[in-house]
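Novice: Sharing a structure below in structure tokens format, with a few things to ask.
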Amino acid sequence: MRGGTVQINWHDTQPVLTLDFHTPTRLLATGGADHDIKLWVITSDEGQKKLPIVSYQNSLSYHSSAVNVLRFSPSGEHLASGADGGELVIWKLQSTGDSHTWKVLKTLLFHRKDVLDLQWSADGAYMISGSVDNSCIIWDINKGSVHQILDAHLHYVQGVAWDPLGHYVASLSSDRTCRVYMNKPQPKLKGCEKMNYVCQHVLAKSELQKLDDSKPPPPKAHLFHDETLPSFFRRLAWSPDGSFLVVPAGIYRYSSASEAVNTAYIISRRDLSKPSVQLPGASKPIVAVRFCPVLFCLRGSNPDGFFKLPYRVIFAVATLNSLYIYDTESVHPIAIYAGLHYAAITDVAWSPDAKHLALSSRDGYCTVIEFENDELGKPALISEEKKITEGNGHPTSMKPNVVESMEIDNIDAGKADIAHRGTNTKANEGKQVLSNASKNSDSNKPARKRITPVAIN
């Protein structure tokens, strides 16, 4: 494992607000406050153990304001980009011989204010977007029109996610709620059904543990940060198999007397009405979650883990100033990067082959991490039909009600003792990652106490 901040002129020193990988070509696309989308080629420096090489390819210029989010469609045929002022553009890939160019296919006009996040449906026929106008819009891409408006949020919608199995969409807002919508098709002419999403669950507060039975129960506590969170993004994500949803921007209190900690919540598909597990340990609020598109074979290193899946799922959790990489077969993060940027992290993306992980920052730079020699494991060869079937079945086997002495240590200044379980990363390389994080951390900060994650009943 190697990587770090790539010191090149990404967006004319302007904040880099979003990025994504193009599956067919493995190009990295970035969007920034300079109004442009730029495409980059990432290559490995095989001879030297240095950072991956990032080379500029070309720019896509159309937006007249900052580009807050961009996402390629599952097929790679289209690119959607959302910007300030409600701009939402669909680009189409045009191939002529060996050359590839992106042309504006259509603009989607309805949002009244900045578009902050978007996500494609699994078949690429629809898309959901979230905006500062407090609404989510589901778009029919073929028609280029609004299919449905979800306007129940009372503040900015800063994150949206589409269930890969097509049954749900989810949104996260600075009104401190996460809403999960279920598809309840409506009858249509000619025997067809019209897709229709209805709010099924609103996650907002949780009950605190009662420490004294003689006193009345404490008031419920908010699950999420309020609008003072210093980020415009709360990018939530579904696992590739649809078995669970990971929601950032969480705060958690074990009891009314305990201190609130930053966390991300894991919500099982079995019960989307409440979080099942929370992942504390971050010193700063969590702003983005992104899943590795590749599923990996089990290693058998932790049979008593929270998840009972026939494969390993790996995902990245980005805070304002650090990056945690989790593995569903491991209790602890398998890697932590911190102190990489001088300003807030804005987005994170995986390459389609799981070889690279990239994150963007408001300081105008991006970090690229490269995984070498099958560090993450051996890819699991699972057919799409089997994956969908198991994705529906195995979430019921999640163990959210039991905590088997699960502990995650924060990185204290000068001390990095987080165990690397369930990974074949070389020991010295793992220590180097954690050591670098410690060196870049503020050495004057007091050591933080150990936090024991708890399953939420």
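Order determines the names: the first chain of the structure tokens is A, the second B, and so forth; residues in each chain are numbered 1 upward, and ligands are numbered 1 upward as they are shown.
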What lies within 10 Å of Gln57 in chain A using only C-alpha atoms, ignoring chain neighbours under 6 positions off, as a PyMOL selection string?
Specialist: chain A and resi 27-29+38-41
Novice: Would you kindly return, as a compact mmCIF listing (two decimals) with N, CA, C and O atoms, in the first residue's frame, each protein, DNA or RNA residue with an atom no farther than 9 Å from any atom of range 117-131 of chain A, considering only C-alpha atoms and excluding same-chain residues fewer than 4 positions away?
Specialist:
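Produced file result.txt, reproduced below:
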```txt
# COMPACT_ATOMS: atom_id res chain seq x y z
N ASN A 68 -20.02 20.49 -7.98
CA ASN A 68 -20.06 19.89 -6.64
C ASN A 68 -20.05 18.37 -6.65
O ASN A 68 -19.62 17.74 -5.68
N VAL A 69 -20.54 17.77 -7.73
CA VAL A 69 -20.62 16.31 -7.78
C VAL A 69 -20.60 15.85 -9.23
O VAL A 69 -21.15 16.50 -10.12
N LEU A 70 -19.92 14.75 -9.47
CA LEU A 70 -19.98 14.10 -10.78
C LEU A 70 -19.94 12.58 -10.57
O LEU A 70 -19.23 12.09 -9.70
N ARG A 71 -20.72 11.87 -11.38
CA ARG A 71 -20.79 10.42 -11.29
C ARG A 71 -21.00 9.85 -12.69
O ARG A 71 -21.87 10.28 -13.44
N PHE A 72 -20.19 8.82 -13.03
CA PHE A 72 -20.38 8.10 -14.27
C PHE A 72 -21.53 7.11 -14.11
O PHE A 72 -21.74 6.56 -13.04
N SER A 73 -22.25 6.89 -15.21
CA SER A 73 -23.31 5.88 -15.18
C SER A 73 -22.69 4.50 -15.08
O SER A 73 -21.51 4.31 -15.38
N PRO A 74 -23.45 3.49 -14.63
CA PRO A 74 -22.89 2.14 -14.47
C PRO A 74 -22.25 1.59 -15.74
O PRO A 74 -21.24 0.89 -15.68
N SER A 75 -22.81 1.90 -16.89
CA SER A 75 -22.24 1.41 -18.15
C SER A 75 -21.04 2.21 -18.60
O SER A 75 -20.28 1.77 -19.46
N HIS A 78 -22.47 7.46 -19.91
CA HIS A 78 -22.85 8.82 -19.57
C HIS A 78 -22.11 9.30 -18.32
O HIS A 78 -21.64 8.50 -17.51
N ALA A 80 -22.83 12.35 -15.31
CA ALA A 80 -23.71 13.39 -14.78
C ALA A 80 -22.91 14.29 -13.87
O ALA A 80 -22.11 13.83 -13.06
N SER A 81 -23.12 15.59 -14.00
CA SER A 81 -22.41 16.57 -13.17
C SER A 81 -23.39 17.60 -12.64
O SER A 81 -24.23 18.11 -13.37
N GLY A 82 -23.29 17.87 -11.33
CA GLY A 82 -24.17 18.83 -10.68
C GLY A 82 -23.36 20.00 -10.15
O GLY A 82 -22.25 19.81 -9.64
N GLY A 86 -28.11 25.05 -9.37
CA GLY A 86 -29.07 24.05 -9.85
C GLY A 86 -28.69 23.41 -11.17
O GLY A 86 -29.49 22.64 -11.72
N LEU A 88 -27.48 20.87 -13.76
CA LEU A 88 -27.33 19.42 -13.80
C LEU A 88 -27.19 19.02 -15.26
O LEU A 88 -28.10 19.24 -16.07
N HIS A 111 -34.01 21.99 -10.37
CA HIS A 111 -33.49 22.44 -9.08
C HIS A 111 -33.31 23.96 -9.11
O HIS A 111 -32.79 24.53 -10.07
N ARG A 112 -33.70 24.60 -8.02
CA ARG A 112 -33.62 26.06 -7.94
C ARG A 112 -32.28 26.52 -7.36
O ARG A 112 -31.91 27.67 -7.52
N LYS A 113 -31.60 25.62 -6.65
CA LYS A 113 -30.34 25.99 -6.01
C LYS A 113 -29.30 24.89 -6.21
O LYS A 113 -29.56 23.90 -6.88
N SER A 135 -34.73 19.59 -1.71
CA SER A 135 -35.45 18.53 -2.40
C SER A 135 -34.52 17.50 -3.00
O SER A 135 -33.34 17.76 -3.26
N CYS A 136 -35.09 16.30 -3.21
CA CYS A 136 -34.47 15.27 -4.05
C CYS A 136 -35.34 15.13 -5.29
O CYS A 136 -36.56 15.19 -5.20
N ILE A 137 -34.70 14.95 -6.42
CA ILE A 137 -35.45 14.74 -7.66
C ILE A 137 -34.99 13.45 -8.31
O ILE A 137 -33.79 13.19 -8.45
N ILE A 138 -35.94 12.60 -8.68
CA ILE A 138 -35.66 11.41 -9.47
C ILE A 138 -35.92 11.76 -10.93
O ILE A 138 -37.00 12.23 -11.29
N TRP A 139 -34.89 11.56 -11.76
CA TRP A 139 -34.94 11.96 -13.16
C TRP A 139 -35.08 10.74 -14.06
O TRP A 139 -34.44 9.70 -13.82
N ASP A 140 -35.87 10.88 -15.10
CA ASP A 140 -35.92 9.91 -16.18
C ASP A 140 -34.89 10.35 -17.21
O ASP A 140 -35.09 11.36 -17.91
N ILE A 141 -33.79 9.63 -17.32
CA ILE A 141 -32.68 10.09 -18.16
C ILE A 141 -33.04 10.04 -19.64
O ILE A 141 -32.69 10.94 -20.41
N ASN A 142 -33.74 9.01 -20.06
CA ASN A 142 -34.10 8.90 -21.48
C ASN A 142 -34.99 10.06 -21.93
O ASN A 142 -34.81 10.60 -23.03
N HIS A 147 -39.08 12.73 -13.00
CA HIS A 147 -39.99 11.60 -12.79
C HIS A 147 -40.73 11.74 -11.47
O HIS A 147 -41.93 11.46 -11.40
N TYR A 156 -30.98 21.59 3.62
CA TYR A 156 -30.22 21.12 2.46
C TYR A 156 -30.15 19.59 2.40
O TYR A 156 -29.89 18.93 3.41
N VAL A 157 -30.32 19.04 1.21
CA VAL A 157 -30.08 17.61 0.98
C VAL A 157 -28.64 17.48 0.50
O VAL A 157 -28.30 17.91 -0.59
N GLN A 158 -27.81 16.86 1.33
CA GLN A 158 -26.36 16.84 1.08
C GLN A 158 -25.84 15.47 0.66
O GLN A 158 -24.65 15.31 0.41
N GLY A 159 -26.72 14.48 0.60
CA GLY A 159 -26.30 13.16 0.16
C GLY A 159 -27.49 12.34 -0.29
O GLY A 159 -28.57 12.41 0.31
N VAL A 160 -27.31 11.57 -1.38
CA VAL A 160 -28.35 10.67 -1.88
C VAL A 160 -27.70 9.35 -2.27
O VAL A 160 -26.52 9.30 -2.63
N ALA A 161 -28.47 8.27 -2.21
CA ALA A 161 -27.95 6.95 -2.58
C ALA A 161 -29.07 6.10 -3.14
O ALA A 161 -30.21 6.16 -2.66
N TRP A 162 -28.74 5.32 -4.17
CA TRP A 162 -29.73 4.46 -4.83
C TRP A 162 -29.37 3.01 -4.56
O TRP A 162 -28.27 2.56 -4.88
N ASP A 163 -30.30 2.29 -3.99
CA ASP A 163 -30.13 0.86 -3.70
C ASP A 163 -29.79 0.12 -5.00
O ASP A 163 -30.54 0.21 -5.98
N PRO A 164 -28.68 -0.63 -5.04
CA PRO A 164 -28.32 -1.34 -6.27
C PRO A 164 -29.34 -2.40 -6.69
O PRO A 164 -29.36 -2.80 -7.86
N LEU A 165 -30.19 -2.83 -5.77
CA LEU A 165 -31.24 -3.78 -6.11
C LEU A 165 -32.52 -3.09 -6.56
O LEU A 165 -33.49 -3.75 -6.95
N GLY A 166 -32.55 -1.76 -6.48
CA GLY A 166 -33.65 -0.99 -7.04
C GLY A 166 -34.87 -0.81 -6.18
O GLY A 166 -35.84 -0.20 -6.61
N VAL A 169 -34.34 4.20 -2.26
CA VAL A 169 -33.40 5.31 -2.36
C VAL A 169 -33.31 5.92 -0.97
O VAL A 169 -34.23 5.78 -0.16
N SER A 171 -31.76 9.45 1.40
CA SER A 171 -31.25 10.83 1.36
C SER A 171 -30.85 11.25 2.77
O SER A 171 -31.42 10.81 3.76
N LEU A 172 -29.87 12.14 2.84
CA LEU A 172 -29.37 12.64 4.11
C LEU A 172 -29.30 14.16 4.04
O LEU A 172 -28.76 14.72 3.08
N SER A 173 -29.83 14.81 5.07
CA SER A 173 -29.97 16.26 5.03
C SER A 173 -29.39 16.90 6.28
O SER A 173 -29.23 16.25 7.32
N PHE A 233 -21.21 18.43 2.21
CA PHE A 233 -21.44 17.08 1.72
C PHE A 233 -21.62 16.08 2.86
O PHE A 233 -20.89 16.10 3.84
N ARG A 234 -22.61 15.22 2.68
CA ARG A 234 -22.85 14.08 3.57
C ARG A 234 -23.18 12.89 2.66
O ARG A 234 -24.32 12.47 2.52
N ARG A 235 -22.14 12.38 2.00
CA ARG A 235 -22.33 11.41 0.93
C ARG A 235 -22.47 9.99 1.52
O ARG A 235 -21.49 9.38 1.91
```
Novice: How far is it from CA of Gly3 in chain A to CA of Lys50 in chain A, in Å with one decimal?
Specialist: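 It comes out at 7.4 Å.
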Novice: Counting only C-alpha atoms, what is within 12 Å of Ala66 in chain A, bar same-chain residues fewer than 6 positions away, as a PyMOL selection string?
Specialist: chain A and resi 11+14-18+30-37+81-88+114-116+362
Novice: So that I have them on file, write out the residues from the current selection with C-alpha atoms, as a short mmCIF file (atom, residue, chain, number, x, y, z; two decimals), in the first residue's frame.
Specialist:
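So the final result, stored in result.cif, reads:
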```cif
data_model
loop_
_atom_site.label_atom_id
_atom_site.label_comp_id
_atom_site.auth_asym_id
_atom_site.auth_seq_id
_atom_site.Cartn_x
_atom_site.Cartn_y
_atom_site.Cartn_z
CA HIS A 11 -7.98 22.86 -10.73
CA GLN A 14 -9.19 26.06 -6.57
CA PRO A 15 -10.98 23.56 -4.28
CA VAL A 16 -11.50 20.08 -5.75
CA LEU A 17 -15.06 19.20 -4.77
CA THR A 18 -15.73 15.81 -6.34
CA THR A 30 -12.49 15.60 -11.01
CA GLY A 31 -14.74 18.63 -10.60
CA GLY A 32 -13.77 21.87 -8.93
CA ALA A 33 -14.57 25.42 -8.00
CA ASP A 34 -12.98 26.55 -11.29
CA HIS A 35 -16.19 25.37 -13.05
CA ASP A 36 -14.35 22.67 -15.01
CA ILE A 37 -14.34 18.87 -15.14
CA SER A 81 -22.41 16.57 -13.17
CA GLY A 82 -24.17 18.83 -10.68
CA ALA A 83 -23.14 22.39 -9.90
CA ASP A 84 -24.06 25.56 -8.07
CA GLY A 85 -27.24 27.32 -9.14
CA GLY A 86 -29.07 24.05 -9.85
CA GLU A 87 -27.08 23.12 -12.97
CA LEU A 88 -27.33 19.42 -13.80
CA ASP A 114 -26.98 24.20 -5.82
CA VAL A 115 -26.91 20.47 -6.60
CA LEU A 116 -24.77 18.77 -3.94
CA ARG A 362 -10.85 21.89 -0.64
#
```
Novice: Assign secondary structure with DSSP using the backbone only, and return the residues of range 21-211 of chain A in helix (DSSP H, G or I) as a list in words.
Specialist: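 After running DSSP on the backbone, range 21-211 of chain A has helix (DSSP H, G or I) at Asp84, Gly85, Gly86, Leu189, Lys190 and Gly191 of chain A.
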Novice: Store the residues picked out above in a file with all heavy atoms, as a compact mmCIF listing (two decimals), in the first residue's frame.
Specialist:
```txt
# COMPACT_ATOMS: atom_id res chain seq x y z
N ASP A 84 -23.36 24.47 -8.73
CA ASP A 84 -24.06 25.56 -8.07
C ASP A 84 -25.15 26.13 -8.99
O ASP A 84 -25.05 26.06 -10.21
CB ASP A 84 -23.09 26.67 -7.68
CG ASP A 84 -22.24 26.31 -6.48
OD1 ASP A 84 -22.48 25.24 -5.89
OD2 ASP A 84 -21.33 27.08 -6.13
N GLY A 85 -26.17 26.70 -8.37
CA GLY A 85 -27.24 27.32 -9.14
C GLY A 85 -28.24 26.33 -9.70
O GLY A 85 -29.14 26.72 -10.44
N GLY A 86 -28.11 25.05 -9.37
CA GLY A 86 -29.07 24.05 -9.85
C GLY A 86 -28.69 23.41 -11.17
O GLY A 86 -29.49 22.64 -11.72
N LEU A 189 -51.13 2.70 -17.58
CA LEU A 189 -51.82 2.20 -18.76
C LEU A 189 -51.01 1.11 -19.44
O LEU A 189 -49.79 1.03 -19.30
CB LEU A 189 -52.07 3.36 -19.74
CG LEU A 189 -53.00 4.48 -19.23
CD1 LEU A 189 -53.08 5.59 -20.26
CD2 LEU A 189 -54.38 3.93 -18.92
N LYS A 190 -51.66 0.27 -20.17
CA LYS A 190 -51.04 -0.82 -20.94
C LYS A 190 -50.37 -1.86 -20.03
O LYS A 190 -49.45 -2.56 -20.42
CB LYS A 190 -50.03 -0.28 -21.94
CG LYS A 190 -50.63 0.68 -22.96
CD LYS A 190 -49.56 1.18 -23.93
CE LYS A 190 -50.17 2.14 -24.92
NZ LYS A 190 -49.15 2.66 -25.88
N GLY A 191 -50.84 -1.93 -18.77
CA GLY A 191 -50.36 -2.97 -17.87
C GLY A 191 -49.01 -2.72 -17.27
O GLY A 191 -48.50 -3.55 -16.51
```
Novice: Report, in Å with one decimal, the straight-line distance from CA of Thr23 in chain A to CA of Pro352 in chain A.
Specialist: 5.4 Å
